[in-house]
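For reference, the structure is listed below as C-alpha cells.
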Amino acid sequence: MRVVTLGYQTWGHRTLSAVLGTDHEVALAVTHPASDHPYEQMWADSVEDLARANGVPVHVATRADQELIDAVAAAEPDVIVANNWRTWLPREIYDAPTHGTLNIHDSLLPRYAGFSPILWALLNRESHVGVTVHRMDEGLDTGPIVAQQAVPVGPTSTTTELVLATMDLIEPLVVRSLSDLAAGTLRETVQAPASMTYFHKRSDLESRIDFTSSADDIELLVRAQSDPYPNAHFTFRGARVRVLKAHVSTGRFGGTPGRVTVPYEGGVAVVCGSSRTTPDAAIVFETLRLDDGSEVSATDFFGTRGGYIDLG
C-alpha cells in the first residue's frame with residue numbers, strides 16, 4: 001500500500017519509523033515545522049530528518065491548508081497514518097485515501113479522548129494506560145477502534161515512565177494495523193458515546209499544589225508532573241518552587257495546611273489535608289528546583305525557616 005504519514009515529535013517519528021520497517025511504500029511524510037515552544041521541544045525526534053534520511057518526500061505545514069490538501073492528493077495514498085498531528089484535519093484529507101485515515105492516540109479509548117491522556121489517567125489512579133489505533137472521523141478521537149494495547153500503572157509510576165512505555169507500543173500497533181488492513185482482516189469496534197471521557201489541555205493552574213488536598217494526592221501530582229513536564233509547584237516567600245521528589249509521611253501532622261514544620265524522613269514535612277484539627281499524613285518534600293534551575297534538598301532550602309506556603 002501507498003502510505004502517507006502525518007505526525008510530529010517522537011510520536012510521529014516512531015510512527016514513520018514503523019511504516020518504513022514494513023513492505024508498504026511511504027509516499028509522503030507530513031509534519032509540522034520545528035518550534036521553540038517548550039512543550040514541542042520535549043520528545044522532539046524529527047519526522048522531517050527521518051523522512052529525508054530515507055528518501056521520503058516531505059511536506060511541512062502548520063495547518064491543513066489547500067497546499068497540504070493538494071500534496072496529500074498528489075501522493076495518491078491508499079491510507080494515511082496520523083500520530084500527534086496537532087491541528088484540525090478536514091474530511092478532504094482524512095477521507096481521501098481508499099482506506100481512509102488511521103489515527104494513533106495515547107489512551108485506551110473511548111476513555112481519555114483529548115489532551116494529556118496519560119497524565120490525567122495517572123492522576124485518576126487508573127490501573128492501566130495504553131495506545132489506541134482508530135479510524136479518523138469528524139470528531140476528536142471518536143472513530144471506530146481497530147487496535148489497542150495497555151500497559152500497567154505501578155504504585156510509583158511517573159508520567160514520564162508511562163509515556164516512554166506507551167511509545168514502545170506505537171510500532172507494533174502500526175505494523176499490525178497496516179498488515180490487517182492490507183489483508184482485509186481489520187476489525188473495527190465502534191466507540192460507545194456514553195463510555196467516552198474527554199480531558200482538556202493542562203495549564204499552570206493544574207500544576208499548582210493545593211495543600212488542602214491529601215498527602216497522597218500531592219505525592220501523586222508530583223509524580224504526574226515529572227520532568228520534562230512542568231513540575232508541581234508552590235510559592236514560598238514570593239519565590240516559585242518546583243517539587244521533584246516527595247513522599248507521604250509515616251507519622252501524622254496537625255495544624256494549618258501549607259505550614260512548613262520540621263525536618264522529617266529525609267526531607268521537610270508540610271501540613272496538608274482538609275482539617276486543621278485532625279492529624280493526618282503530611283507531604284514530605286525531598287528535592288526541589290528553584291527558578292534559576294538549580295536543584296536543592298528541601299532541608300537546605302527551608303533550613304531553619306518555618307512559615308506558611310502561599311495558598312493563594
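In the C-alpha cells, chains take the letters A, B, ... in the order shown, each chain's residues start at 1, and ligands count up from 1 in the order shown.
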
Next on the checklist: When you look at region 182-186 of chain A with a cut-off of 10 Å (counting only C-alpha atoms), what residues show up, excluding the ones that are within fewer than 3 positions of it in the same chain? I need them as a VMD selection string.
Outcome noted: chain A and resid 1 24 78 to 79 99 146 to 147 176 to 179

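Every protein, DNA or RNA residue with an atom at most 9 Å from region 33-50 of chain A, where only C-alpha atoms count and chain neighbours fewer than 4 positions away do not, is listed here: Gly7, Tyr8, Gln9, Thr10, Trp11, Gly12, His13, Arg14, Leu16, Ser17, Ala29, Asn54, Gly55, Val56, Val58, His59, Val60, Ala61, Thr62, Pro228 and Tyr229 of chain A.
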
Using the selection just defined, write its residues with N, CA and C atoms as a short mmCIF file (atom, residue, chain, number, x, y, z; two decimals), in the first residue's frame.
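Saved to part15.cif:
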data_model
loop_
_atom_site.label_atom_id
_atom_site.label_comp_id
_atom_site.auth_asym_id
_atom_site.auth_seq_id
_atom_site.Cartn_x
_atom_site.Cartn_y
_atom_site.Cartn_z
N GLY A 7 2.53 13.46 11.22
CA GLY A 7 2.95 13.32 12.61
C GLY A 7 4.00 14.33 13.01
N TYR A 8 4.25 14.37 14.30
CA TYR A 8 5.15 15.37 14.86
C TYR A 8 5.77 14.81 16.12
N GLN A 9 6.94 15.35 16.45
CA GLN A 9 7.70 14.96 17.64
C GLN A 9 7.98 13.45 17.61
N THR A 10 8.32 12.89 18.75
CA THR A 10 8.73 11.49 18.82
C THR A 10 7.59 10.55 18.43
N TRP A 11 6.35 10.92 18.73
CA TRP A 11 5.22 10.08 18.36
C TRP A 11 5.14 9.92 16.84
N GLY A 12 5.27 11.04 16.13
CA GLY A 12 5.26 10.98 14.67
C GLY A 12 6.48 10.26 14.12
N HIS A 13 7.62 10.46 14.76
CA HIS A 13 8.88 9.81 14.36
C HIS A 13 8.75 8.30 14.49
N ARG A 14 8.22 7.84 15.62
CA ARG A 14 8.05 6.40 15.84
C ARG A 14 7.08 5.81 14.80
N LEU A 16 6.38 6.99 11.66
CA LEU A 16 7.04 6.90 10.37
C LEU A 16 8.05 5.76 10.35
N SER A 17 8.81 5.62 11.42
CA SER A 17 9.80 4.54 11.51
C SER A 17 9.13 3.18 11.37
N ALA A 29 5.65 12.11 3.79
CA ALA A 29 5.62 12.34 5.24
C ALA A 29 5.29 13.80 5.48
N ASN A 54 15.65 8.78 4.63
CA ASN A 54 15.19 7.57 3.96
C ASN A 54 14.62 7.85 2.57
N GLY A 55 14.89 9.05 2.05
CA GLY A 55 14.46 9.38 0.71
C GLY A 55 12.96 9.55 0.54
N VAL A 56 12.28 9.88 1.63
CA VAL A 56 10.82 10.05 1.59
C VAL A 56 10.50 11.53 1.35
N VAL A 58 8.85 15.07 1.76
CA VAL A 58 8.37 15.69 2.99
C VAL A 58 7.56 16.93 2.65
N HIS A 59 6.47 17.11 3.39
CA HIS A 59 5.70 18.36 3.31
C HIS A 59 5.58 18.90 4.74
N VAL A 60 6.04 20.13 4.95
CA VAL A 60 6.00 20.75 6.27
C VAL A 60 4.88 21.78 6.28
N ALA A 61 4.00 21.68 7.26
CA ALA A 61 2.84 22.57 7.32
C ALA A 61 2.45 22.83 8.76
N THR A 62 1.91 24.01 9.00
CA THR A 62 1.40 24.32 10.33
C THR A 62 -0.06 23.93 10.49
N PRO A 228 10.14 15.61 31.72
CA PRO A 228 10.34 17.01 31.34
C PRO A 228 9.07 17.87 31.38
N TYR A 229 8.00 17.34 31.96
CA TYR A 229 6.76 18.12 32.06
C TYR A 229 6.88 19.18 33.13
#

Item to check | Members of region 111-179 of chain A assigned strand (DSSP E or B) by DSSP, as a ChimeraX atom specification | outcome: /A:113-114,128-135,145-152

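Each of A:Thr5, A:Ser274, A:Gln66, A:Gln148 was compared to Pro97 (chain A) using only C-alpha atoms, and A:Thr5 turns out to be the nearest.
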
So that each row is one residue of region 207-309 of chain A with an atom at most 10 Å from region 149-159 of chain A, can you give its shortest atom pair and the distance in Å to one decimal, using only C-alpha atoms, rows by chain and rising number, as JSON lines?
{"residue": "A:Glu219", "atom": "CA", "partner": "A:Thr156", "partner_atom": "CA", "distance": 9.7}
{"residue": "A:Leu220", "atom": "CA", "partner": "A:Thr158", "partner_atom": "CA", "distance": 8.5}
{"residue": "A:Leu221", "atom": "CA", "partner": "A:Thr158", "partner_atom": "CA", "distance": 9.4}
{"residue": "A:Val222", "atom": "CA", "partner": "A:Thr158", "partner_atom": "CA", "distance": 8.4}
{"residue": "A:Arg223", "atom": "CA", "partner": "A:Thr158", "partner_atom": "CA", "distance": 4.7}
{"residue": "A:Ala224", "atom": "CA", "partner": "A:Thr159", "partner_atom": "CA", "distance": 4.9}
{"residue": "A:Gln225", "atom": "CA", "partner": "A:Thr159", "partner_atom": "CA", "distance": 6.8}
{"residue": "A:Ser226", "atom": "CA", "partner": "A:Thr159", "partner_atom": "CA", "distance": 6.3}
{"residue": "A:Asp227", "atom": "CA", "partner": "A:Thr159", "partner_atom": "CA", "distance": 8.6}
{"residue": "A:Pro228", "atom": "CA", "partner": "A:Thr159", "partner_atom": "CA", "distance": 9.5}
{"residue": "A:Tyr229", "atom": "CA", "partner": "A:Thr159", "partner_atom": "CA", "distance": 8.5}

Checklist entry - Which of region 10-198 of chain A counts as alpha helix (DSSP H) under DSSP, as a ChimeraX atom specification please? => result /A:10-20,47-53,66-75,91-94,117-123,159-183

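Here the question is which of A:Ile218, A:Thr278, A:Val284, A:Asp300 gets nearest to His247 (chain A) using only C-alpha atoms, and that residue is A:Val284.
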
Item to check | Selection near Phe301 (chain A), 10 Å with only C-alpha atoms, sequence-local residues under 4 positions removed, as a PyMOL selection string | outcome: chain A and resi 241+268+287-290+295-297+305

Item to check | Neighbour list for Tyr94 (chain A) as number ranges by chain, cut-off 10 Å, only C-alpha atoms, skip fewer than 3 positions in-chain | outcome: A: 69, 72, 79-82, 89-91, 97, 99-103, 135-138

Next on the checklist: Which residues are close to Asp280 (chain A), i.e. within 7 Å by only C-alpha atoms, leaving aside same-chain residues fewer than 2 positions away? Reply as an MDAnalysis selection string.
Outcome noted: chainID A and resid 252:254 278 282

Expected file contents, prior selection, N, CA and C atoms, as a CSV table (one decimal), in the first residue's frame:
chain,number,residue,atom,x,y,z
A,252,ARG,N,1.7,11.4,61.5
A,252,ARG,CA,0.6,12.3,61.2
A,252,ARG,C,0.9,13.7,61.8
A,253,PHE,N,0.5,14.7,61.1
A,253,PHE,CA,0.7,16.1,61.5
A,253,PHE,C,-0.6,16.8,61.5
A,254,GLY,N,-0.8,17.7,62.5
A,254,GLY,CA,-1.9,18.5,62.6
A,254,GLY,C,-1.6,20.0,62.4
A,278,THR,N,-7.6,17.6,63.0
A,278,THR,CA,-7.4,16.2,63.0
A,278,THR,C,-6.0,15.8,62.3
A,282,ALA,N,1.4,14.1,56.4
A,282,ALA,CA,2.0,15.3,55.8
A,282,ALA,C,2.6,14.9,54.4

Item to check | Computed interatomic separation between CA of Asn83 (chain A) and CA of Leu205 (chain A) (Å) | outcome: 27.3 Å

Item to check | All residues 10 Å or closer to Leu140 (chain A), only C-alpha atoms, same chain fewer than 3 positions away omitted, as a list of chain:residue names | outcome: A:Trp88, A:Ala113, A:Gly114, A:Met136, A:Asp137, A:Gly143, A:Tyr198

Go ahead and save the residues from that selection, with N, CA and C atoms, as a PDB file, in the first residue's frame.
ATOM      1  N   TRP A  88      -6.515  20.663  13.272  1.00  0.00           N
ATOM      2  CA  TRP A  88      -7.700  20.043  12.687  1.00  0.00           C
ATOM      3  C   TRP A  88      -7.434  19.580  11.262  1.00  0.00           C
ATOM      4  N   ALA A 113     -10.187  10.653  25.705  1.00  0.00           N
ATOM      5  CA  ALA A 113     -10.038  11.390  24.459  1.00  0.00           C
ATOM      6  C   ALA A 113      -9.555  12.794  24.797  1.00  0.00           C
ATOM      7  N   GLY A 114      -8.932  13.451  23.830  1.00  0.00           N
ATOM      8  CA  GLY A 114      -8.488  14.819  24.070  1.00  0.00           C
ATOM      9  C   GLY A 114      -7.004  14.901  24.375  1.00  0.00           C
ATOM     10  N   MET A 136     -10.086   7.729  11.734  1.00  0.00           N
ATOM     11  CA  MET A 136     -10.379   9.140  11.954  1.00  0.00           C
ATOM     12  C   MET A 136     -11.724   9.480  11.337  1.00  0.00           C
ATOM     13  N   ASP A 137     -12.524  10.243  12.095  1.00  0.00           N
ATOM     14  CA  ASP A 137     -13.772  10.784  11.571  1.00  0.00           C
ATOM     15  C   ASP A 137     -13.845  12.250  11.957  1.00  0.00           C
ATOM     16  N   GLY A 143     -13.508   7.934  16.305  1.00  0.00           N
ATOM     17  CA  GLY A 143     -13.747   6.928  15.276  1.00  0.00           C
ATOM     18  C   GLY A 143     -13.604   5.504  15.783  1.00  0.00           C
ATOM     19  N   TYR A 198     -13.552  12.857  28.099  1.00  0.00           N
ATOM     20  CA  TYR A 198     -12.719  13.831  27.394  1.00  0.00           C
ATOM     21  C   TYR A 198     -12.008  14.695  28.423  1.00  0.00           C
TER      22      TYR A 198
END

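Comparing the minimum interatomic distances between Leu162 (chain A) and each of A:Ala269, A:Ala192, A:Ala121, A:Ile283, counting only C-alpha atoms, we find that A:Ala121 sits nearest.
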
Checklist entry - Between A:Ser116, A:Leu6, A:Asp210, A:Thr22, which is the closest to Asn84 (chain A) once you count only C-alpha atoms? => result A:Leu6
